[in-house]
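Heads up, run07.csv below (CSV, C-alpha atoms and all ligand atoms):
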chain,number,residue,atom,x,y,z
S,1,MET,CA,-23.3,-34.7,-2.7
S,2,ASP,CA,-25.6,-36.4,-5.2
S,3,THR,CA,-25.1,-33.4,-7.5
S,4,GLY,CA,-21.4,-33.0,-7.4
S,5,ALA,CA,-20.9,-31.3,-4.0
S,6,SER,CA,-17.6,-32.2,-2.3
S,7,VAL,CA,-18.1,-30.6,1.1
S,8,GLY,CA,-16.9,-33.3,3.5
S,9,PHE,CA,-19.8,-35.8,3.6
S,10,LEU,CA,-20.4,-39.1,1.9
S,11,PRO,CA,-23.7,-40.9,1.2
S,12,PRO,CA,-25.8,-42.0,2.9
S,13,PHE,CA,-26.3,-38.6,4.5
S,14,THR,CA,-29.7,-37.9,5.9
S,15,ALA,CA,-31.5,-34.7,7.1
S,16,VAL,CA,-30.8,-35.9,10.6
S,17,ASP,CA,-27.1,-36.2,9.9
S,18,ALA,CA,-27.2,-32.7,8.4
S,19,GLU,CA,-29.0,-31.2,11.4
S,20,ARG,CA,-26.6,-32.9,13.8
S,21,TRP,CA,-23.6,-31.5,11.9
S,22,TRP,CA,-25.0,-28.0,11.8
S,23,ARG,CA,-25.5,-28.1,15.5
S,24,THR,CA,-21.8,-28.9,16.0
S,25,LEU,CA,-21.1,-25.4,14.7
S,26,THR,CA,-23.2,-23.7,17.5
S,27,ALA,CA,-20.3,-22.9,19.9
S,28,ASP,CA,-18.0,-21.6,17.2
S,29,VAL,CA,-20.8,-19.5,15.6
S,30,SER,CA,-21.8,-18.1,19.0
S,31,ALA,CA,-18.2,-17.2,19.8
S,32,GLY,CA,-17.7,-15.5,16.4
S,33,ARG,CA,-15.1,-18.0,15.3
S,34,VAL,CA,-17.2,-19.2,12.4
S,35,LEU,CA,-19.4,-16.9,10.2
S,36,VAL,CA,-22.3,-18.7,8.4
S,37,LEU,CA,-23.7,-16.9,5.3
S,38,LEU,CA,-27.1,-17.8,3.9
S,39,LEU,CA,-28.3,-16.5,0.6
S,40,ARG,CA,-32.0,-16.2,0.3
S,41,VAL,CA,-33.9,-15.4,-2.9
S,42,GLU,CA,-37.6,-14.6,-2.6
S,43,GLY,CA,-37.6,-16.2,0.8
S,44,ARG,CA,-36.0,-19.4,-0.3
S,45,ALA,CA,-32.5,-20.5,0.8
S,46,VAL,CA,-30.5,-21.0,-2.3
S,47,GLY,CA,-26.9,-21.0,-1.0
S,48,THR,CA,-24.6,-20.9,1.9
S,49,ALA,CA,-20.9,-20.5,2.7
S,50,GLN,CA,-18.8,-20.3,5.8
S,51,LEU,CA,-15.8,-18.2,6.9
S,52,ARG,CA,-13.7,-19.8,9.6
S,53,LEU,CA,-11.6,-17.1,11.3
S,54,ALA,CA,-8.1,-18.4,12.3
S,55,GLN,CA,-7.6,-18.1,16.0
S,56,LEU,CA,-3.9,-18.4,16.6
S,57,PRO,CA,-2.1,-15.2,17.6
S,58,ASN,CA,0.0,-15.2,14.4
S,59,ALA,CA,-3.0,-15.8,12.1
S,60,ARG,CA,-5.4,-13.1,12.9
S,61,HIS,CA,-5.2,-11.8,9.3
S,62,ARG,CA,-6.4,-15.2,7.9
S,63,ALA,CA,-9.6,-17.1,7.4
S,64,GLU,CA,-10.7,-20.3,5.7
S,65,VAL,CA,-13.7,-20.4,3.3
S,66,ALA,CA,-15.7,-23.6,3.6
S,67,LYS,CA,-18.9,-25.3,2.7
S,68,VAL,CA,-19.7,-23.1,-0.3
S,69,LEU,CA,-22.9,-24.6,-1.7
S,70,VAL,CA,-25.6,-23.4,-4.1
S,71,HIS,CA,-28.7,-25.5,-4.4
S,72,SER,CA,-28.6,-27.8,-7.4
S,73,SER,CA,-31.7,-26.2,-8.9
S,74,ALA,CA,-30.2,-22.7,-8.7
S,75,ARG,CA,-26.7,-23.1,-10.2
S,76,ARG,CA,-25.2,-21.0,-13.0
S,77,GLN,CA,-27.3,-18.0,-12.1
S,78,GLY,CA,-24.6,-16.0,-10.4
S,79,TYR,CA,-25.4,-17.1,-6.8
S,80,GLY,CA,-22.0,-18.7,-6.2
S,81,ARG,CA,-20.4,-15.5,-7.3
S,82,ALA,CA,-22.7,-13.5,-5.0
S,83,LEU,CA,-21.9,-15.7,-2.1
S,84,MET,CA,-18.2,-15.3,-2.6
S,85,ASP,CA,-18.6,-11.5,-2.9
S,86,ALA,CA,-20.4,-11.6,0.5
S,87,VAL,CA,-17.7,-13.9,1.9
S,88,GLU,CA,-15.1,-11.3,1.0
S,89,THR,CA,-17.1,-8.5,2.5
S,90,ALA,CA,-17.5,-10.5,5.7
S,91,ALA,CA,-13.8,-11.2,5.8
S,92,ARG,CA,-12.9,-7.5,5.4
S,93,ASN,CA,-15.4,-6.6,8.1
S,94,ALA,CA,-13.7,-9.2,10.4
S,95,GLY,CA,-10.3,-7.7,9.6
S,96,ARG,CA,-9.1,-10.8,7.6
S,97,HIS,CA,-7.4,-10.2,4.3
S,98,LEU,CA,-5.8,-13.6,3.5
S,99,LEU,CA,-8.4,-16.2,2.5
S,100,LEU,CA,-7.8,-19.9,1.9
S,101,LEU,CA,-9.9,-22.8,0.7
S,102,ASP,CA,-9.5,-26.3,-0.7
S,103,THR,CA,-11.7,-28.0,-3.2
S,104,LEU,CA,-12.0,-31.1,-5.3
S,105,SER,CA,-9.7,-30.9,-8.3
S,106,GLY,CA,-11.5,-30.5,-11.5
S,107,SER,CA,-14.8,-29.6,-9.9
S,108,ASP,CA,-17.3,-26.9,-10.8
S,109,ALA,CA,-16.2,-25.1,-7.7
S,110,GLU,CA,-12.6,-25.0,-8.9
S,111,ARG,CA,-13.9,-23.1,-12.1
S,112,LEU,CA,-15.8,-20.7,-9.9
S,113,TYR,CA,-12.7,-19.8,-7.8
S,114,ALA,CA,-10.4,-19.5,-10.8
S,115,ARG,CA,-13.0,-17.1,-12.4
S,116,LEU,CA,-13.1,-15.0,-9.2
S,117,GLY,CA,-9.3,-14.5,-9.2
S,118,TRP,CA,-8.2,-17.0,-6.6
S,119,THR,CA,-4.7,-18.3,-6.9
S,120,ARG,CA,-4.0,-22.0,-7.2
S,121,ALA,CA,-1.4,-22.9,-4.6
S,122,ALA,CA,-1.0,-26.7,-4.7
S,123,GLU,CA,-2.7,-30.0,-5.4
S,124,ILE,CA,-2.7,-32.9,-3.0
S,125,PRO,CA,-3.4,-36.3,-4.5
S,126,GLY,CA,-5.7,-38.6,-2.8
S,127,TYR,CA,-6.8,-36.0,-0.2
S,128,ALA,CA,-10.5,-36.8,0.2
S,129,ALA,CA,-12.8,-39.7,-0.5
S,130,VAL,CA,-15.6,-39.2,-3.1
S,131,PRO,CA,-18.9,-41.0,-3.3
S,132,ASN,CA,-17.6,-43.8,-5.5
S,133,GLY,CA,-15.1,-44.7,-2.8
S,134,ARG,CA,-11.9,-43.6,-4.5
S,135,LEU,CA,-9.6,-41.0,-3.1
S,136,ALA,CA,-9.5,-37.8,-5.2
S,137,ALA,CA,-7.1,-34.9,-5.4
S,138,THR,CA,-7.8,-31.6,-3.8
S,139,THR,CA,-6.6,-28.2,-4.9
S,140,ILE,CA,-5.7,-25.5,-2.4
S,141,TYR,CA,-6.4,-21.8,-3.4
S,142,TYR,CA,-5.8,-18.5,-1.7
S,143,LYS,CA,-6.9,-14.9,-2.3
S,144,ASP,CA,-5.2,-11.9,-0.8
S,145,LEU,CA,-7.7,-9.1,-0.5
S,146,GLY,CA,-4.9,-6.7,0.4
S,147,SER,CA,-4.3,-5.5,3.9
S,148,ASP,CA,-4.7,-1.9,2.5
S,149,SER,CA,-8.4,-2.7,2.0
S,150,LEU,CA,-8.7,-3.2,5.7
S,151,ARG,CA,-6.8,-0.1,6.7
S,152,ARG,CA,-8.7,2.1,4.3
S,153,LYS,CA,-12.0,0.8,5.9
S,154,ALA,CA,-10.8,1.4,9.4
R,201,LIG,C1,-19.5,-24.4,-7.1
R,201,LIG,C2,-20.9,-23.7,-7.0
R,201,LIG,C3,-21.0,-23.1,-5.6
R,201,LIG,C4,-21.0,-22.6,-8.0
R,201,LIG,O1,-22.3,-22.0,-7.8
R,201,LIG,P1,-23.0,-21.2,-9.0
R,201,LIG,O2,-24.2,-20.4,-8.4
R,201,LIG,O3,-23.4,-22.2,-10.0
R,201,LIG,O4,-21.9,-20.3,-9.6
R,201,LIG,P2,-22.2,-19.0,-10.5
R,201,LIG,O5,-23.4,-19.1,-11.3
R,201,LIG,O6,-22.1,-17.8,-9.6
R,201,LIG,O7,-20.9,-19.1,-11.5
R,201,LIG,C5,-19.9,-18.0,-11.5
R,201,LIG,C6,-18.8,-18.5,-12.4
R,201,LIG,O8,-18.1,-19.6,-12.0
R,201,LIG,C7,-17.8,-20.5,-13.1
R,201,LIG,N1,-18.6,-21.7,-13.0
R,201,LIG,C8,-19.5,-22.0,-12.0
R,201,LIG,N2,-20.0,-23.3,-12.2
R,201,LIG,C9,-19.5,-23.7,-13.3
R,201,LIG,C10,-19.6,-24.9,-14.1
R,201,LIG,N3,-20.5,-25.9,-13.7
R,201,LIG,N4,-18.9,-25.1,-15.2
R,201,LIG,C11,-18.0,-24.1,-15.6
R,201,LIG,N5,-17.9,-22.9,-15.0
R,201,LIG,C12,-18.6,-22.8,-13.8
R,201,LIG,C13,-18.2,-19.7,-14.3
R,201,LIG,O9,-17.1,-19.0,-14.7
R,201,LIG,C14,-19.3,-18.9,-13.8
R,201,LIG,O10,-19.5,-17.7,-14.6
R,201,LIG,P3,-20.5,-17.7,-15.9
R,201,LIG,O11,-21.7,-18.4,-15.5
R,201,LIG,O12,-20.6,-16.3,-16.2
R,201,LIG,O13,-19.7,-18.5,-16.9
R,201,LIG,C15,-22.0,-24.8,-7.2
R,201,LIG,O14,-21.7,-25.5,-8.4
R,201,LIG,C16,-22.1,-25.8,-6.1
R,201,LIG,O15,-22.8,-25.6,-5.1
R,201,LIG,N6,-21.4,-27.0,-6.3
R,201,LIG,C17,-21.4,-28.1,-5.3
R,201,LIG,C18,-20.8,-27.7,-4.0
R,201,LIG,C19,-19.3,-27.6,-4.0
R,201,LIG,O16,-18.6,-28.4,-4.6
R,201,LIG,N7,-18.9,-26.6,-3.3
R,201,LIG,C20,-17.5,-26.3,-3.2
R,201,LIG,C21,-16.9,-26.7,-1.9
R,201,LIG,S1,-15.2,-26.1,-1.7
Translate the structure described by the file into structure tokens.
Amino acid sequence: MDTGASVGFLPPFTAVDAERWWRTLTADVSAGRVLVLLLRVEGRAVGTAQLRLAQLPNARHRAEVAKVLVHSSARRQGYGRALMDAVETAARNAGRHLLLLDTLSGSDAERLYARLGWTRAAEIPGYAAVPNGRLAATTIYYKDLGSDSLRRKA
């Protein structure tokens, strides 16, 4: 947050708030509805991402990518790309080929997704509050990994 992350939270955001929020995921993670990825380098956690598997009967091919974060001291070293590669592998393994995400328009994350071949679908003005209190636009992206990639694997 203090270093440009737009992942849903606003300051003040303490370690206690963070722990409380992580614990809210327990049921979904246990049930396999949410996959949490953690990237460790030499024993240190440098990044994380989540894959939220759509649950409705007509959406079992779909998943949302969320909370993509690389530690501020570890950015621009390829970890974001590595996390997104792992997200795609996890999605294929879960039988999901259509991925969606949203991100703050104009952010570093938007550049990452564009570089990795995500397609820009739409922009929604005033979607999310940012730390200075204003409402900022969000851009929605999708990436179709191709249903063939799942069938070939099966
Ligand atoms: C977005 C984020 C995950 C990128 O992680 P990262 O480890 O720095 O990304 P990478 O080093 O793998 O970058 C891969 C490519 O993305 C693009 N990119 C990433 N950060 C960029 C930046 N600050 N400026 C321009 N391009 C950038 C580049 O094309 C880069 O390739 P290059 O370094 O060969 O030019 C990281 O900046 C972050 O955690 N931001 C805050 C959290 C956030 O906003 N998350 C998104 C929520 S949807």
Taking only C-alpha atoms and all ligand atoms into account, list the residues no farther than 9 Å from ligand LIG 201 (chain R), as number ranges by chain. S: 1, 3-8, 46-49, 65-72, 74-84, 101-104, 107-116
Which residues come within 7 Å of S:Ala128, counting only C-alpha atoms, excluding same-chain residues fewer than 5 positions away, as a ChimeraX atom specification? /S:135-137
Applying 7 Å and all atoms listed in the file, which residues near S:Arg96 remain after dropping the ones on its own chain fewer than 4 positions away? List them as a list in words. Arg60, His61, Arg62, Ala63, Ala91 and Arg92 of chain S
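Distance-wise, atom CA of S:Thr119 and atom CA of S:Thr138 end up 14.0 Å apart.
With distances restricted to all atoms listed in the file, S:Trp118 is the closest residue to S:Asp144 from S:Leu53, S:Trp118, S:Gly95, S:Val130.
Counting all atoms listed in the file and comparing S:Arg134, S:Ser73, S:Gln50, S:Ile140, the residue that lies closest to S:Ala121 is S:Ile140.
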Take atom CA of S:Thr26 and atom CA of S:Ala86 and report the distance between them in Å, one decimal. 21.1 Å
Computed gap from atom CA of S:Pro131 to atom CA of S:Arg44 is 27.7 Å
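Each of S:Thr139, S:Pro12, S:Arg120, S:Val87 was compared to S:Gly106 using all atoms listed in the file, and S:Thr139 turns out to be the nearest.
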